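Trainee: My structure file start13.cif, mmCIF, C-alpha atoms, is below:
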data_start
#
loop_
_atom_site.label_atom_id
_atom_site.label_comp_id
_atom_site.auth_asym_id
_atom_site.auth_seq_id
_atom_site.Cartn_x
_atom_site.Cartn_y
_atom_site.Cartn_z
CA MET K 1 24.74 -55.53 25.47
CA VAL K 2 21.95 -58.06 25.62
CA GLY K 3 20.59 -58.44 29.14
CA ILE K 4 20.21 -61.89 30.63
CA ILE K 5 17.60 -62.81 33.24
CA ILE K 6 17.80 -66.08 35.16
CA VAL K 7 14.37 -67.22 36.30
CA SER K 8 14.16 -70.12 38.71
CA HIS K 9 11.77 -71.29 41.42
CA SER K 10 14.70 -71.07 43.78
CA GLN K 11 16.31 -67.74 44.66
CA LYS K 12 19.57 -69.49 45.48
CA LEU K 13 19.60 -71.43 42.23
CA ALA K 14 19.02 -68.29 40.16
CA GLU K 15 21.75 -66.44 42.06
CA GLY K 16 24.13 -69.37 41.66
CA VAL K 17 23.52 -69.67 37.93
CA ALA K 18 24.04 -65.92 37.50
CA GLU K 19 27.32 -66.11 39.47
CA LEU K 20 28.51 -69.05 37.45
CA ALA K 21 27.73 -67.31 34.16
CA LYS K 22 29.56 -64.18 35.29
CA MET K 23 32.70 -66.20 36.01
CA MET K 24 33.13 -66.45 32.25
CA ALA K 25 31.97 -62.93 31.47
CA ALA K 26 32.20 -60.60 34.42
CA ASP K 27 30.85 -57.60 32.52
CA ALA K 28 27.74 -59.36 31.16
CA PRO K 29 24.47 -57.95 32.52
CA VAL K 30 23.20 -61.17 34.13
CA VAL K 31 20.45 -60.72 36.72
CA PRO K 32 18.87 -63.44 38.85
CA ALA K 33 15.10 -63.39 39.38
CA GLY K 34 14.52 -66.48 41.48
CA GLY K 35 11.92 -67.34 44.09
CA LEU K 36 9.31 -65.07 45.59
CA ASP K 37 9.77 -61.71 47.34
CA ASP K 38 10.02 -63.40 50.74
CA GLY K 39 12.66 -65.83 49.47
CA THR K 40 10.32 -68.84 49.32
CA PHE K 41 10.03 -71.05 46.23
CA GLY K 42 8.07 -69.87 43.23
CA THR K 43 8.28 -67.44 40.35
CA SER K 44 7.47 -63.78 40.75
CA PHE K 45 5.99 -61.59 38.03
CA GLU K 46 7.31 -58.49 39.84
CA LYS K 47 10.82 -59.82 40.34
CA ILE K 48 11.13 -60.77 36.68
CA SER K 49 9.72 -57.40 35.55
CA THR K 50 12.10 -55.49 37.83
CA ALA K 51 15.05 -57.58 36.66
CA ILE K 52 14.24 -56.76 33.02
CA ASP K 53 13.88 -53.05 33.82
CA SER K 54 17.29 -53.08 35.50
CA VAL K 55 19.22 -54.24 32.40
CA TYR K 56 16.97 -53.41 29.45
CA THR K 57 18.53 -51.64 26.47
CA ASP K 58 17.62 -51.56 22.77
CA ASP K 59 19.84 -54.63 22.34
CA GLY K 60 17.12 -56.60 24.09
CA VAL K 61 16.90 -59.11 26.90
CA VAL K 62 16.93 -62.91 26.94
CA ILE K 63 15.25 -64.90 29.71
CA LEU K 64 16.42 -68.33 30.83
CA ILE K 65 13.90 -70.36 32.78
CA ASP K 66 13.89 -73.53 34.83
CA MET K 67 10.43 -75.09 34.42
CA GLY K 68 6.67 -74.99 34.80
CA SER K 69 5.42 -71.72 36.20
CA ALA K 70 8.77 -70.05 35.40
CA VAL K 71 7.92 -70.41 31.73
CA MET K 72 4.35 -69.22 32.13
CA THR K 73 5.19 -66.29 34.40
CA ALA K 74 8.00 -65.10 32.14
CA GLU K 75 5.65 -65.42 29.18
CA MET K 76 3.15 -63.12 30.89
CA VAL K 77 5.84 -60.58 31.77
CA ILE K 78 6.86 -60.50 28.11
CA GLU K 79 3.24 -60.04 26.99
CA ASN K 80 3.01 -57.17 29.46
CA MET K 81 5.93 -55.37 27.73
CA PRO K 82 4.87 -55.64 24.08
CA GLU K 83 7.06 -52.76 22.91
CA ARG K 84 10.25 -54.40 24.17
CA LYS K 85 12.64 -56.85 22.53
CA ILE K 86 12.56 -59.83 24.92
CA ARG K 87 12.67 -63.54 24.31
CA MET K 88 12.91 -66.77 26.28
CA LEU K 89 15.65 -69.25 25.45
CA ASP K 90 14.73 -72.94 25.34
CA CYS K 91 17.90 -74.55 26.70
CA PRO K 92 19.50 -76.03 29.82
CA LEU K 93 19.68 -73.29 32.45
CA VAL K 94 23.36 -73.48 33.39
CA GLU K 95 24.90 -74.05 29.96
CA GLY K 96 22.51 -71.58 28.37
CA ALA K 97 23.38 -68.90 30.92
CA VAL K 98 27.11 -69.34 30.34
CA VAL K 99 26.73 -69.21 26.57
CA ALA K 100 24.43 -66.18 26.76
CA ALA K 101 26.78 -64.33 29.13
CA VAL K 102 29.79 -64.98 26.92
CA GLY K 103 27.80 -63.94 23.85
CA SER K 104 26.50 -60.77 25.45
CA SER K 105 29.95 -59.83 26.67
CA ALA K 106 31.22 -60.25 23.09
CA ASN K 107 28.48 -57.86 21.95
CA GLN K 108 26.56 -60.54 20.07
CA SER K 109 23.00 -59.74 19.04
CA MET K 110 19.98 -61.29 20.72
CA GLU K 111 19.47 -63.47 17.65
CA GLU K 112 23.04 -64.75 17.73
CA ILE K 113 22.75 -65.55 21.43
CA ALA K 114 19.48 -67.38 20.81
CA GLU K 115 21.19 -69.47 18.14
CA SER K 116 24.05 -70.43 20.46
CA ALA K 117 21.52 -71.38 23.12
CA GLN K 118 19.79 -73.57 20.57
CA ASP K 119 23.09 -75.36 19.91
CA VAL K 120 23.61 -75.92 23.63
CA ALA K 121 20.12 -77.40 23.89
CA SER K 122 20.98 -80.16 21.42
CA GLU K 123 24.44 -80.96 22.81
CA LYS K 124 24.82 -84.20 24.74
CA LYS K 125 26.99 -84.21 27.85
CA LEU K 126 27.94 -87.89 27.64
CA MET T 1 -28.63 -63.02 36.91
CA THR T 2 -25.88 -61.19 38.74
CA ASP T 3 -24.36 -57.72 38.94
CA SER T 4 -20.97 -56.21 39.80
CA SER T 5 -21.52 -56.11 43.57
CA LYS T 6 -22.65 -59.73 43.58
CA VAL T 7 -19.56 -60.72 41.60
CA ILE T 8 -17.38 -58.98 44.21
CA GLU T 9 -19.22 -60.82 46.97
CA ILE T 10 -18.69 -64.15 45.21
CA LEU T 11 -14.97 -63.45 44.75
CA LYS T 12 -14.68 -62.64 48.45
CA GLN T 13 -16.36 -65.92 49.30
CA ILE T 14 -14.06 -67.83 46.96
CA GLY T 15 -11.14 -66.25 48.83
CA GLU T 16 -12.59 -67.28 52.19
CA GLN T 17 -13.23 -70.82 51.02
CA ILE T 18 -9.67 -71.07 49.76
CA GLN T 19 -8.32 -69.84 53.11
CA MET T 20 -10.46 -72.52 54.77
CA GLU T 21 -9.25 -75.28 52.47
CA LYS T 22 -5.68 -74.02 52.22
CA ASP T 23 -4.19 -76.93 54.18
CA PHE T 24 -6.24 -79.49 52.28
CA LEU T 25 -5.08 -78.12 48.90
CA THR T 26 -1.48 -78.01 50.08
CA GLU T 27 -1.73 -81.59 51.36
CA LEU T 28 -2.98 -82.76 47.97
CA ASP T 29 -0.12 -80.94 46.32
CA ASN T 30 2.38 -82.41 48.80
CA VAL T 31 1.62 -85.86 47.47
CA ILE T 32 1.98 -85.25 43.73
CA GLY T 33 3.38 -81.74 43.36
CA ASP T 34 5.59 -79.26 45.12
CA GLY T 35 3.28 -78.77 48.10
CA ASP T 36 2.43 -75.12 47.67
CA HIS T 37 -0.97 -74.98 45.96
CA GLY T 38 -3.01 -74.06 49.05
CA ILE T 39 -0.41 -71.60 50.31
CA ASN T 40 -0.08 -69.97 46.88
CA MET T 41 -3.81 -69.71 46.25
CA ALA T 42 -4.38 -68.31 49.73
CA ARG T 43 -1.69 -65.67 49.19
CA GLY T 44 -3.17 -64.78 45.79
CA PHE T 45 -6.73 -64.43 47.00
CA LYS T 46 -5.64 -62.42 50.03
CA GLU T 47 -4.29 -59.88 47.57
CA VAL T 48 -7.48 -60.15 45.52
CA GLU T 49 -9.50 -59.35 48.63
CA LYS T 50 -7.48 -56.18 49.20
CA LYS T 51 -8.14 -55.08 45.62
CA LEU T 52 -11.87 -55.86 45.76
CA ALA T 53 -12.50 -52.95 48.11
CA ASP T 54 -11.58 -50.48 45.36
CA LEU T 55 -13.58 -52.26 42.69
CA SER T 56 -17.13 -51.56 43.80
CA GLY T 57 -19.03 -49.79 41.07
CA LYS T 58 -16.66 -51.03 38.36
CA ASP T 59 -17.87 -53.15 35.44
CA ILE T 60 -17.55 -56.92 35.72
CA GLY T 61 -14.89 -57.14 33.02
CA SER T 62 -12.60 -54.76 34.94
CA ILE T 63 -13.24 -56.64 38.18
CA LEU T 64 -12.27 -59.98 36.65
CA LYS T 65 -9.22 -58.52 34.90
CA THR T 66 -7.99 -57.00 38.16
CA VAL T 67 -8.46 -60.33 39.92
CA GLY T 68 -6.46 -62.04 37.16
CA MET T 69 -3.62 -59.54 37.36
CA SER T 70 -3.45 -59.84 41.17
CA LEU T 71 -3.23 -63.63 40.92
CA VAL T 72 -0.45 -63.45 38.32
CA SER T 73 1.49 -61.03 40.53
CA THR T 74 1.14 -62.80 43.85
CA VAL T 75 0.43 -66.55 43.56
CA GLY T 76 4.00 -67.55 42.67
CA GLY T 77 3.23 -71.05 41.36
CA ALA T 78 1.78 -72.38 38.12
CA SER T 79 -1.73 -71.59 39.31
CA GLY T 80 -0.82 -67.87 39.17
CA PRO T 81 -0.39 -67.56 35.42
CA LEU T 82 -3.09 -70.19 34.81
CA TYR T 83 -5.88 -68.75 36.97
CA GLY T 84 -4.58 -65.27 36.20
CA THR T 85 -4.97 -65.81 32.46
CA ALA T 86 -8.35 -67.49 33.06
CA PHE T 87 -9.76 -64.52 34.99
CA MET T 88 -8.29 -61.99 32.55
CA ARG T 89 -9.76 -63.81 29.55
CA ALA T 90 -13.11 -64.11 31.34
CA GLY T 91 -12.93 -60.36 31.97
CA VAL T 92 -12.31 -59.65 28.30
CA ALA T 93 -15.27 -61.90 27.37
CA VAL T 94 -17.61 -60.09 29.75
CA GLY T 95 -16.39 -56.62 28.79
CA ALA T 96 -17.94 -53.47 30.20
CA LYS T 97 -21.14 -55.15 31.38
CA THR T 98 -22.33 -54.42 34.90
CA GLU T 99 -24.86 -57.22 34.84
CA ILE T 100 -24.49 -60.67 33.31
CA ASP T 101 -26.82 -63.54 32.44
CA GLY T 102 -26.33 -67.26 31.94
CA ASN T 103 -25.01 -66.90 28.41
CA ASP T 104 -22.46 -64.33 29.57
CA PHE T 105 -21.30 -66.69 32.29
CA ILE T 106 -20.92 -69.52 29.78
CA ALA T 107 -18.95 -67.25 27.43
CA ALA T 108 -16.72 -66.16 30.33
CA LEU T 109 -16.06 -69.73 31.46
CA GLU T 110 -15.34 -70.76 27.90
CA ALA T 111 -12.84 -67.91 27.52
CA ALA T 112 -11.25 -68.81 30.88
CA ILE T 113 -10.79 -72.41 29.80
CA GLY T 114 -9.33 -71.26 26.47
CA GLY T 115 -6.86 -69.13 28.43
CA ILE T 116 -5.76 -72.06 30.60
CA GLU T 117 -5.33 -74.29 27.55
CA MET T 118 -3.25 -71.62 25.82
CA ARG T 119 -1.10 -70.70 28.82
CA GLY T 120 -0.51 -74.26 30.02
CA LYS T 121 -0.43 -75.82 26.53
CA ALA T 122 -2.79 -78.29 28.16
CA HIS T 123 -5.75 -80.44 27.17
CA GLU T 124 -8.42 -82.42 28.97
CA GLY T 125 -7.24 -85.74 30.41
CA GLU T 126 -3.81 -84.59 31.60
CA LYS T 127 -4.75 -84.39 35.29
CA THR T 128 -5.13 -80.65 35.54
CA MET T 129 -7.75 -78.04 36.43
CA LEU T 130 -9.15 -78.56 32.93
CA ASP T 131 -10.47 -81.97 33.99
CA ALA T 132 -12.88 -80.22 36.34
CA LEU T 133 -13.60 -77.13 34.24
CA ILE T 134 -14.28 -78.62 30.80
CA PRO T 135 -16.85 -81.21 31.98
CA ALA T 136 -18.45 -78.46 34.06
CA LEU T 137 -18.72 -76.14 31.06
CA ASN T 138 -20.18 -78.91 28.90
CA ALA T 139 -22.74 -79.85 31.55
CA ILE T 140 -23.76 -76.22 32.12
CA LYS T 141 -24.18 -75.59 28.39
CA LYS T 142 -26.22 -78.74 27.85
CA SER T 143 -28.52 -78.21 30.81
CA TYR T 144 -28.99 -74.49 30.09
CA ALA T 145 -29.86 -75.19 26.46
CA GLU T 146 -32.40 -77.81 27.51
CA ASN T 147 -34.12 -76.06 30.42
CA ASN T 148 -33.14 -72.40 30.24
CA ASP T 149 -32.65 -72.51 34.03
CA PHE T 150 -29.16 -71.25 34.84
CA LYS T 151 -29.17 -72.13 38.53
CA ALA T 152 -30.06 -75.74 37.69
CA ALA T 153 -27.45 -75.75 34.94
CA LEU T 154 -24.76 -74.53 37.33
CA THR T 155 -25.66 -77.31 39.75
CA ARG T 156 -25.15 -79.83 36.91
CA GLY T 157 -21.85 -78.10 36.24
CA VAL T 158 -20.68 -78.52 39.83
CA GLU T 159 -21.64 -82.20 39.74
CA ALA T 160 -19.63 -82.63 36.56
CA ALA T 161 -16.66 -80.83 38.11
CA GLU T 162 -16.80 -83.09 41.17
CA LYS T 163 -16.84 -86.12 38.91
CA GLY T 164 -13.93 -84.59 37.02
CA VAL T 165 -11.93 -84.28 40.24
CA GLU T 166 -12.64 -87.96 40.98
CA TYR T 167 -11.59 -88.81 37.42
CA THR T 168 -8.18 -87.18 37.99
CA LYS T 169 -7.47 -89.95 40.54
CA THR T 170 -7.66 -92.52 37.77
CA ILE T 171 -5.23 -90.92 35.32
CA ILE T 172 -1.49 -90.31 35.15
CA ALA T 173 -0.37 -86.69 35.09
CA THR T 174 1.26 -85.62 31.86
CA LYS T 175 1.37 -81.88 32.63
CA GLY T 176 2.81 -79.95 35.51
CA ARG T 177 5.05 -81.03 38.36
CA ALA T 178 3.08 -84.27 38.91
CA SER T 179 4.13 -85.49 35.46
CA TYR T 180 7.63 -86.15 36.84
CA LEU T 181 6.09 -88.81 39.09
CA GLY T 182 4.73 -90.90 36.22
CA GLU T 183 2.54 -93.73 37.50
CA ARG T 184 2.97 -92.64 41.10
CA SER T 185 0.47 -89.84 40.43
CA LEU T 186 -2.25 -92.50 40.05
CA GLY T 187 -4.79 -92.68 42.86
CA HIS T 188 -4.37 -89.03 43.84
CA GLN T 189 -6.70 -86.21 42.91
CA ASP T 190 -5.29 -83.17 41.19
CA PRO T 191 -4.99 -80.07 43.41
CA GLY T 192 -5.74 -77.70 40.50
CA ALA T 193 -8.91 -79.58 39.53
CA THR T 194 -9.86 -79.47 43.21
CA SER T 195 -9.46 -75.69 43.51
CA SER T 196 -11.34 -75.16 40.24
CA CYS T 197 -14.21 -77.27 41.56
CA LEU T 198 -14.13 -75.29 44.81
CA MET T 199 -14.61 -72.03 42.91
CA LEU T 200 -17.56 -73.37 40.94
CA LYS T 201 -19.15 -74.65 44.14
CA VAL T 202 -18.92 -71.22 45.75
CA ILE T 203 -20.42 -69.54 42.68
CA ASN T 204 -23.27 -72.05 42.72
CA ARG T 205 -23.89 -71.55 46.42
CA MET T 206 -23.95 -67.78 46.09
CA LEU T 207 -26.22 -67.42 43.05
#
Using the file provided, produce a representation of the structure as structure tokens.

Mentor:
Amino acid sequence: MVGIIIVSHSQKLAEGVAELAKMMAADAPVVPAGGLDDGTFGTSFEKISTAIDSVYTDDGVVILIDMGSAVMTAEMVIENMPERKIRMLDCPLVEGAVVAAVGSSANQSMEEIAESAQDVASEKKL
Amino acid sequence: MTDSSKVIEILKQIGEQIQMEKDFLTELDNVIGDGDHGINMARGFKEVEKKLADLSGKDIGSILKTVGMSLVSTVGGASGPLYGTAFMRAGVAVGAKTEIDGNDFIAALEAAIGGIEMRGKAHEGEKTMLDALIPALNAIKKSYAENNDFKAALTRGVEAAEKGVEYTKTIIATKGRASYLGERSLGHQDPGATSSCLMLKVINRML
């Protein structure tokens, strides 16, 4: 199963998004990596690395990010693990997480999940 | 010009200066950002200081790369990956040298700026650290080519960086958190440009 990491500046937001995604797919390996070690706002290289380690398989891992330093920090984590199959998804955090969780739980490949996330990114809510 | 132990000393001083100006940097960031720049930089350089103790005797490239990695791991905001990449790229540019001259410094600064542009997908004129660093690099290069006096060139660089910080007050942010404010970012100096200028000032003072 493809692992899913939720990176946000806020620990609570990342945890909430992960919870919400798991409502649709309880068995999906969704892991929050929000905030800094002490719970304050920010993005943590270590937290993201540890989160990837905890769910990584040969199926790969997708990372969903909120903004700014989340993107840059995740990018650096990925560069630091060149032998692994990891990619960031460019989509809204909540919808993307739900779609990724459902996809992972249905044993979709990383590429298929990335495609669904792409569709979510272009969908309008209103 | 300078050797490994001097570089370590300079990095220590940069850390101290950042601790001293922590509240000022955070205040600047409170106005147009998320109010954590001083706190984040102080946390990052505290970690750098711990690492510096084990770095004496190492080549300058390794020292700079270690600094970069510590910043990436501990800063927690955008300045972590940005300064982290900058220091790591500078370290790669310097390589295994234990002593560097003016041209090495210029190459390192150039590589650092390239790293920030790549990581932040940023350019000059977007109200970022680049608005201090790029004018500084240009001024240093020009002065050094004309007079072959690196200390004088670095002083020109600091002046250009200070002007660059002032210039950030006159432009609207199009990168980073401040870009969400649109025109409301006008009139305020960029915290990242300010911390970049601070680092150059310390280097200039110490050389």

Trainee: Which residues are near T:Ile8? Cut-off 9 Å, all atoms listed in the file, ignore same chain within fewer than 5 positions. Put them as a VMD selection string.

Mentor: chain T and resid 3 13 52 to 53 55 to 56 60 63

Trainee: Quick one: write out the picked residues with C-alpha atoms as a PDB file, keeping the file's coordinate frame?

Mentor:
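File out.pdb, as written:
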ATOM      1  CA  ASP T   3     -24.360 -57.720  38.940  1.00  0.00           C
ATOM      2  CA  GLN T  13     -16.360 -65.920  49.300  1.00  0.00           C
ATOM      3  CA  LEU T  52     -11.870 -55.860  45.760  1.00  0.00           C
ATOM      4  CA  ALA T  53     -12.500 -52.950  48.110  1.00  0.00           C
ATOM      5  CA  LEU T  55     -13.580 -52.260  42.690  1.00  0.00           C
ATOM      6  CA  SER T  56     -17.130 -51.560  43.800  1.00  0.00           C
ATOM      7  CA  ILE T  60     -17.550 -56.920  35.720  1.00  0.00           C
ATOM      8  CA  ILE T  63     -13.240 -56.640  38.180  1.00  0.00           C
TER       9      ILE T  63
END

Trainee: For T:Leu11, please output as a PyMOL selection string all residues within 12 Å (counting only C-alpha atoms; exclusion window: fewer than 2 positions along the same chain).

Mentor: chain T and resi 4-9+13-18+44-53+55+60+63-64+66-68+87+198-203+206

Trainee: What are the residues of chain T that have an atom within 9 Å of an atom of chain K, counting all atoms listed in the file, as a list in words?

Mentor: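 Using all atoms listed in the file, chain T residues at most 9 Å from chain K: Asp36, Asn40, Val72, Ser73, Thr74, Val75, Gly76, Gly77, Ala78, Ser79, Gly80, Pro81, Leu82, Thr85, Arg119, Gly120, Lys175, Gly176 and Arg177 of chain T.
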
Trainee: Give me the residues within 8 Å of T:Ile172 as a list in words, counting all atoms listed in the file and dropping any in the same chain fewer than 2 places off.

Mentor: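 Surrounding residues, per the criterion: Glu126, Lys127, Thr168, Thr170, Thr174, Ser179, Gly182, Glu183, Arg184, Ser185 and Leu186 of chain T.
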
Trainee: For the file shown, what are the residues hit by the PyMOL selection byres ((chain K and resi 15) around 9), laid out as a ChimeraX atom specification?

Mentor: /K:6,10-14,16-20,31-34

Trainee: May I ask for the distance between atom CA of K:Tyr56 and atom CA of K:Ser122, given in Å to one decimal place?

Mentor: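 Atom CA of K:Ser122 lies 28.2 Å from atom CA of K:Tyr56.
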
Trainee: What is the atom CA of T:Ala161 to atom CA of T:Ile140 distance in Å?

Mentor: 10.4 Å

Trainee: Could you list, as a PDB file with C-alpha atoms, keeping the file's coordinate frame, every residue matched by the PyMOL selection byres ((chain T and resi 24) around 12) in this structure?

Mentor:
ATOM      1  CA  GLN T  17     -13.230 -70.820  51.020  1.00  0.00           C
ATOM      2  CA  ILE T  18      -9.670 -71.070  49.760  1.00  0.00           C
ATOM      3  CA  GLN T  19      -8.320 -69.840  53.110  1.00  0.00           C
ATOM      4  CA  MET T  20     -10.460 -72.520  54.770  1.00  0.00           C
ATOM      5  CA  GLU T  21      -9.250 -75.280  52.470  1.00  0.00           C
ATOM      6  CA  LYS T  22      -5.680 -74.020  52.220  1.00  0.00           C
ATOM      7  CA  ASP T  23      -4.190 -76.930  54.180  1.00  0.00           C
ATOM      8  CA  LEU T  25      -5.080 -78.120  48.900  1.00  0.00           C
ATOM      9  CA  THR T  26      -1.480 -78.010  50.080  1.00  0.00           C
ATOM     10  CA  GLU T  27      -1.730 -81.590  51.360  1.00  0.00           C
ATOM     11  CA  LEU T  28      -2.980 -82.760  47.970  1.00  0.00           C
ATOM     12  CA  ASP T  29      -0.120 -80.940  46.320  1.00  0.00           C
ATOM     13  CA  ASN T  30       2.380 -82.410  48.800  1.00  0.00           C
ATOM     14  CA  VAL T  31       1.620 -85.860  47.470  1.00  0.00           C
ATOM     15  CA  GLY T  35       3.280 -78.770  48.100  1.00  0.00           C
ATOM     16  CA  ASP T  36       2.430 -75.120  47.670  1.00  0.00           C
ATOM     17  CA  HIS T  37      -0.970 -74.980  45.960  1.00  0.00           C
ATOM     18  CA  GLY T  38      -3.010 -74.060  49.050  1.00  0.00           C
ATOM     19  CA  ILE T  39      -0.410 -71.600  50.310  1.00  0.00           C
ATOM     20  CA  MET T  41      -3.810 -69.710  46.250  1.00  0.00           C
ATOM     21  CA  ALA T  42      -4.380 -68.310  49.730  1.00  0.00           C
ATOM     22  CA  GLN T 189      -6.700 -86.210  42.910  1.00  0.00           C
ATOM     23  CA  ASP T 190      -5.290 -83.170  41.190  1.00  0.00           C
ATOM     24  CA  PRO T 191      -4.990 -80.070  43.410  1.00  0.00           C
ATOM     25  CA  GLY T 192      -5.740 -77.700  40.500  1.00  0.00           C
ATOM     26  CA  THR T 194      -9.860 -79.470  43.210  1.00  0.00           C
ATOM     27  CA  SER T 195      -9.460 -75.690  43.510  1.00  0.00           C
ATOM     28  CA  LEU T 198     -14.130 -75.290  44.810  1.00  0.00           C
TER      29      LEU T 198
END

Trainee: So which residues get picked by the PyMOL selection byres ((chain K and resi 59) around 6) here, written as an MDAnalysis selection string?

Mentor: chainID K and resid 1:2 57:58 60

Trainee: Closest to K:Val98 among K:Ala51, K:Ile113, K:Leu126, K:Val7, using only C-alpha atoms?

Mentor: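 Checking each of K:Ala51, K:Ile113, K:Leu126, K:Val7 against K:Val98, counting only C-alpha atoms, the winner is K:Ile113.
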
Trainee: May I ask which of the residues K:Ser104, K:Thr50, K:Ser109, K:Ser8 is the closest one to K:Lys85, counting only C-alpha atoms?

Mentor: K:Ser109

Trainee: Could you tell me how far atom CA of T:Ala108 sits from atom CA of T:Val94, in Å to one decimal place?

Mentor: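 Distance between the two atoms: 6.2 Å.
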
Trainee: Just the residues within 10 Å of K:Ala26, please, counting all atoms listed in the file, with nothing from its chain fewer than 4 positions along; format it as a ChimeraX atom specification.

Mentor: /K:19-22,30,101-102,105

Trainee: Do a neighbour search on stretch 148-158 of chain T at 8 Å with all atoms listed in the file, toss out local chain neighbours closer than 6 positions, and write the hits as a list in words.

Mentor: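 Result of the neighbour search: Gly102, Pro135, Ala136, Leu137, Asn138, Ala139, Ile140, Lys141, Lys142, Cys197, Leu200, Lys201, Asn204 and Leu207 of chain T.
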
Trainee: Padding 5 Å on every side, please: axis-aligned box over the listed atoms of stretch 73-80 of chain K, centre and edge lengths to one decimal in Å, as JSON.

Mentor:
{"center_x": 5.5, "center_y": -61.7, "center_z": 30.7, "size_x": 15.0, "size_y": 19.1, "size_z": 17.4}
